[in-house]
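Taking it in order: structure first as structure tokens, then the write-up.
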Amino acid sequence: MNRLQGASRRWGWIASGISATLLVLGGCATIPTSGPVQAGPAEAAPDEDVLPIPPEIPEYDAVGLVGGFLKASAAGVGGDYSDVRDYLYGDAVQDWDPTAHVTIYGAGDFTPVWDDQSLTVTYSFPVVATLDDQGRMTEAPSGTRTAVTFGVTSVLGSRWRISSLDDGIIISEANFRLVYRPVVLDFASRDGDVIVPDLRWLPRNNIATFATLALISGPSAWLDDAVETGFAPTASLEVVAVPLSDGRATVALASGSVVSAADRSLALEEITYTLEALPEVRDVVVTVGGLPIGGDGSVSLSEAPVPSLEAAAIVSGRIGVWAGDQVLVPALGGLVPTEAHDIALSYDGVTVAMLLGESEMVTATIPSGLVAIEDAGSTVSTLATTTVLEGTDLVSPSFDREGWVWTAEAQGQGALIAVAPGGDSVRLPIAGAEGRDIDAVAVSPDGARVAVLSREGGLWRLGVLGLVRAEDGTPTLAGEPLDIGVGIGESAAIEWVGGQVVAVLGVSEPGETPTLALVTVGGRTESIAAIPDAVALAARSGGSSIVLVTRDGSLYVRSSSGWARVDSTASFTSLAFSG
């Protein structure tokens, strides 16, 4: 049994080991459970203030029975669903697996249709997202609907019960937010230095238990080869519970869950970082087979690097630095070639990469002795650059934390190109991307993932891939893309906004305002208005750090009230924080 098979089995039986009662407040849409049976579409009933736990079973109304079951199943999240099974009959009582997946529906028409010939009740739901059995979210394209049919049977001549149904539960978007919580599972980069996040959506009830089970089950498949975990494939808890007492979480791992001393150190780091991020948890105690987990202290994870406050820029024809309140340039040097564009800054804050035209990527060192642009001399020398890559229609470069600079050839190559600090380059084909045009790449701060914007036949796709590296840090493989940001449309640029969100700037005609999508890896997409004529973006960490560059060379920073223009007479061609 491989790790993913073992993960599914461990996750599936957690419901049998946890018993809880949960009060669910009303949401934006509820399942009709009473009133006349409808034969076709109609508007949904208004919300109730409180969703009972469990609703009283409507014994003599088949449609009401199914509606009550849907409410009760949502209320059973995080528990053992014993009350929910009272709605079922026959083999369905034992065969139904509520933990298999979750379908999240939004507002719209979902009136039930009753068929008295087949004795079925069918709902058609507007789907916004789904969760798999490990809490991994997949966002649904706009307009997605799914039909779900329940078979019912009459018991003792008059009472109705559900005799056939699909596995999983169906829950409204509003109730989903009440009973689930986003939890970041913390794994390790291949070099064991930094945390690589894997976002899951887990039941709020017994959250520490669910988070621990998900963590020891391992990373998502798309990320698996790009990260390390200290847990053995057969890792488990001694008892399916992580009790909390006065903010202390006690994790009792079964014997054999970790093997070597180094694995023990890594597993302890993973558990500690993951659980202490929960508001309920103050500290963590971990045992293996009843003994302290120990370890050799060889692993000490840290957060991925955060870019410095200064951004590199091509400004008024020179290399420069934007420090938020002023623009700095070399006193007498730093003139960039007229065809220079799309700058990137390394994490050491010294090296930049940029494109010259469409076919050449160069690197340079930011000169020392910077002065305010107003105080710079009028006589300037040309910035010394080194050509590190020549290609065809290269896309904007992106640095990783180890100093490699990444790009791609836009036209139909379907591959990434990574250039080492010493100048050697490697080419990494993207699985399933043969023949696709690549428009942008951006490496995450942890260096274990890369976001790729690509298109084929007018269809735009944003994916995030795990990066596999050799022991010396050389990239060796780009994994299968995880599609995110469903329906983003034609886009101009992408940037990581911290470790979990990718910002995507849409394309617009002169005078128009493009959209700015904030796409959470493993979550939903939020779209906000940018500013008129925005053509490029940069970001440091968090949504408030986003900076937009306009066609006329102005800068705008995101503020609580929208966007604020940076007061500067300098004209910006390109801007980039580290990464």
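Just so we're on the same page: first chain in the structure tokens is A, next is B, and so on; residues restart at 1 for each chain, and ligands are numbered from 1 in the order they show up.
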
Please produce, as a Markdown table, a per-residue contact table for region 187-266 of chain A versus region 459-468 of chain A (criterion: any atom at most 7 Å away, only C-alpha atoms considered), showing the nearest atom pair and its distance in Å to one decimal, sorted by chain then residue number.
| residue | atom | partner | partner_atom | distance |
| --- | --- | --- | --- | --- |
| A:Trp222 | CA | A:Gly466 | CA | 6.3 |
| A:Leu223 | CA | A:Gly466 | CA | 5.0 |
| A:Asp225 | CA | A:Val468 | CA | 6.2 |
| A:Ala226 | CA | A:Val468 | CA | 4.7 |

Could those residues be written to a file, using C-alpha atoms, as a PDB file, in the first residue's frame?
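Dumped to out_32.pdb:
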ATOM      1  CA  TRP A 222       1.442  17.232  -7.045  1.00  0.00           C
ATOM      2  CA  LEU A 223       3.832  18.387  -4.283  1.00  0.00           C
ATOM      3  CA  ASP A 225       8.344  14.795  -4.928  1.00  0.00           C
ATOM      4  CA  ALA A 226       9.272  18.413  -4.181  1.00  0.00           C
TER       5      ALA A 226
END

For Val350 (chain A), find every residue with an atom within 12 Å (counting only C-alpha atoms), except residues of its own chain fewer than 2 positions away, and show them as a list in words. Ser308, Glu310, Ala311, Ala312, Ile319, Gly320, Val321, Ala344, Leu345, Ser346, Tyr347, Asp348, Val352, Ala353, Thr363, Ala364, Thr365, Ile366, Pro367, Ser368, Phe399, Gly403, Phe577 and Ser578 of chain A

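Take CA of Gly317 (chain A) and CA of Val362 (chain A): the distance between them is 16.1 Å.
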
All residues 7 Å or closer to Asp193 (chain A), only C-alpha atoms, same chain fewer than 3 positions away omitted, as a list in words: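 Here the qualifying residues turn out to be Ala188, Ser189, Ser300, Leu301 and Ser302 of chain A.
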
Atoms kept (C-alpha atoms) for selection, written as a compact mmCIF listing (two decimals), in the first residue's frame:
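part_0.txt written:
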# COMPACT_ATOMS: atom_id res chain seq x y z
CA ALA A 188 10.06 20.74 4.40
CA SER A 189 11.93 21.78 1.31
CA SER A 300 15.40 23.27 12.14
CA LEU A 301 12.83 24.60 9.72
CA SER A 302 12.28 28.29 9.13

Which one of A:His341, A:Arg427, A:Arg85, A:His101 sits closest to Arg318 (chain A) if you count only C-alpha atoms? A:His341

Proximity check region 280-320 of chain A to region 237-261 of chain A, 7 Å, nearest pairs one decimal Å, only C-alpha atoms, as a Markdown table:
| residue | atom | partner | partner_atom | distance |
| --- | --- | --- | --- | --- |
| A:Glu280 | CA | A:Gly247 | CA | 5.9 |
| A:Val281 | CA | A:Gly247 | CA | 4.6 |
| A:Arg282 | CA | A:Gly247 | CA | 4.7 |
| A:Asp283 | CA | A:Arg248 | CA | 5.0 |
| A:Val284 | CA | A:Ala249 | CA | 4.8 |
| A:Val285 | CA | A:Thr250 | CA | 4.9 |
| A:Val286 | CA | A:Val251 | CA | 4.7 |
| A:Thr287 | CA | A:Ala252 | CA | 5.0 |
| A:Val288 | CA | A:Leu253 | CA | 4.6 |
| A:Gly289 | CA | A:Ser255 | CA | 4.4 |
| A:Gly290 | CA | A:Ala252 | CA | 6.9 |
| A:Gly295 | CA | A:Ala261 | CA | 4.5 |
| A:Asp296 | CA | A:Ala261 | CA | 5.3 |

Smallest atom-to-atom distance to Glu480 (chain A): which of A:Asp97, A:Asp115, A:Asp224, A:Asp132, using only C-alpha atoms? A:Asp224

Give the answer as one residue: which of A:Thr120, A:Ala92, A:Ser574, A:Val66 has the shortest atom-to-atom distance to Ile343 (chain A), using only C-alpha atoms? A:Ser574

Taking only C-alpha atoms into account, name the residue in A:Glu374, A:Asp198, A:Glu490, A:Asp61 that is nearest to Met137 (chain A).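 Smallest separation from Met137 (chain A) among the options: A:Asp198.
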
Under the rule of at most 8 Å, produce a per-residue listing of region 122-236 of chain A near region 438-456 of chain A: chain, number, name, the closest pair of atoms, and the distance in Å, as a Markdown table, using only C-alpha atoms.
| residue | atom | partner | partner_atom | distance |
| --- | --- | --- | --- | --- |
| A:Ser189 | CA | A:Ala448 | CA | 6.3 |
| A:Arg190 | CA | A:Ala448 | CA | 7.9 |
| A:Val194 | CA | A:Asp446 | CA | 6.4 |
| A:Ile195 | CA | A:Asp446 | CA | 6.9 |
| A:Val196 | CA | A:Asp446 | CA | 6.2 |
| A:Ala226 | CA | A:Ala448 | CA | 5.9 |
| A:Val227 | CA | A:Ala448 | CA | 7.1 |

Selection: 7 Å around region 512-518 of chain A, only C-alpha atoms, excl. self and same-chain fewer than 2 positions, as a PyMOL selection string: chain A and resi 501-510+520+525-534

Take the residues from that selection and write them out as an mmCIF file, in the first residue's frame, keeping C-alpha atoms.
data_model
loop_
_atom_site.group_PDB
_atom_site.id
_atom_site.type_symbol
_atom_site.label_atom_id
_atom_site.label_comp_id
_atom_site.auth_asym_id
_atom_site.auth_seq_id
_atom_site.Cartn_x
_atom_site.Cartn_y
_atom_site.Cartn_z
ATOM 1 C CA VAL A 501 -1.391 33.348 -3.039
ATOM 2 C CA VAL A 502 -0.571 34.132 -6.665
ATOM 3 C CA ALA A 503 -1.617 37.543 -7.990
ATOM 4 C CA VAL A 504 -2.693 37.610 -11.641
ATOM 5 C CA LEU A 505 -2.997 40.883 -13.560
ATOM 6 C CA GLY A 506 -5.407 40.823 -16.474
ATOM 7 C CA VAL A 507 -4.850 42.367 -19.894
ATOM 8 C CA SER A 508 -6.616 45.614 -20.782
ATOM 9 C CA GLU A 509 -6.728 48.103 -23.623
ATOM 10 C CA PRO A 510 -5.406 51.654 -23.060
ATOM 11 C CA THR A 520 -5.033 30.910 -3.297
ATOM 12 C CA THR A 525 -10.018 33.066 -6.350
ATOM 13 C CA GLU A 526 -10.803 36.657 -5.371
ATOM 14 C CA SER A 527 -11.103 39.250 -8.125
ATOM 15 C CA ILE A 528 -10.674 42.962 -7.465
ATOM 16 C CA ALA A 529 -10.399 45.994 -9.715
ATOM 17 C CA ALA A 530 -6.895 47.217 -10.447
ATOM 18 C CA ILE A 531 -6.339 50.731 -11.825
ATOM 19 C CA PRO A 532 -6.701 52.074 -15.357
ATOM 20 C CA ASP A 533 -3.759 51.293 -17.643
ATOM 21 C CA ALA A 534 -2.039 48.902 -15.201
#

Nearest residue to Thr387 (chain A) out of A:Ser359, A:Ser220, A:Asp472, A:Gln413, using only C-alpha atoms? A:Ser359

When you look at Val547 (chain A) with a cut-off of 12 Å (counting only C-alpha atoms), what residues show up, excluding the ones that are within fewer than 5 positions of it in the same chain? I need them as JSON, numbers by chain. {"A": [311, 322, 324, 495, 497, 503, 505, 516, 530, 531, 534, 535, 536, 537, 538, 539, 540, 541, 542, 554, 555, 556, 557, 558, 559, 562, 563, 564, 565, 566, 572, 574, 575, 576, 577]}

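Here CA of Ala376 (chain A) is placed at a distance of 19.2 Å from CA of Gly553 (chain A).
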
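Of note, CA of Ser425 (chain A) and CA of Glu409 (chain A) are spaced 13.3 Å apart.
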
Residue list (helix (DSSP H, G or I), DSSP) for region 39-173 of chain A, as a ChimeraX atom specification: /A:62-75,84-87,92-95,173

Shell of 8 Å around Ser158 (chain A), only C-alpha atoms, local chain residues under 2 positions omitted, as a short mmCIF file (atom, residue, chain, number, x, y, z; two decimals) with N, CA and C atoms, in the first residue's frame:
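Heads up, here's the output in selection-v6.cif:
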data_model
loop_
_atom_site.label_atom_id
_atom_site.label_comp_id
_atom_site.auth_asym_id
_atom_site.auth_seq_id
_atom_site.Cartn_x
_atom_site.Cartn_y
_atom_site.Cartn_z
N GLU A 59 -41.02 12.21 8.87
CA GLU A 59 -41.26 10.80 8.61
C GLU A 59 -42.07 10.52 7.35
N TYR A 60 -43.02 11.40 7.00
CA TYR A 60 -43.99 11.04 5.98
C TYR A 60 -43.89 11.89 4.71
N SER A 154 -40.23 3.30 1.29
CA SER A 154 -41.22 3.43 2.36
C SER A 154 -40.99 2.32 3.38
N VAL A 155 -40.86 2.72 4.62
CA VAL A 155 -40.61 1.77 5.70
C VAL A 155 -41.87 1.64 6.53
N LEU A 156 -42.28 0.44 6.81
CA LEU A 156 -43.49 0.17 7.60
C LEU A 156 -44.72 0.81 6.98
N TRP A 160 -40.62 7.34 5.33
CA TRP A 160 -39.63 7.32 4.25
C TRP A 160 -38.23 7.30 4.81
#
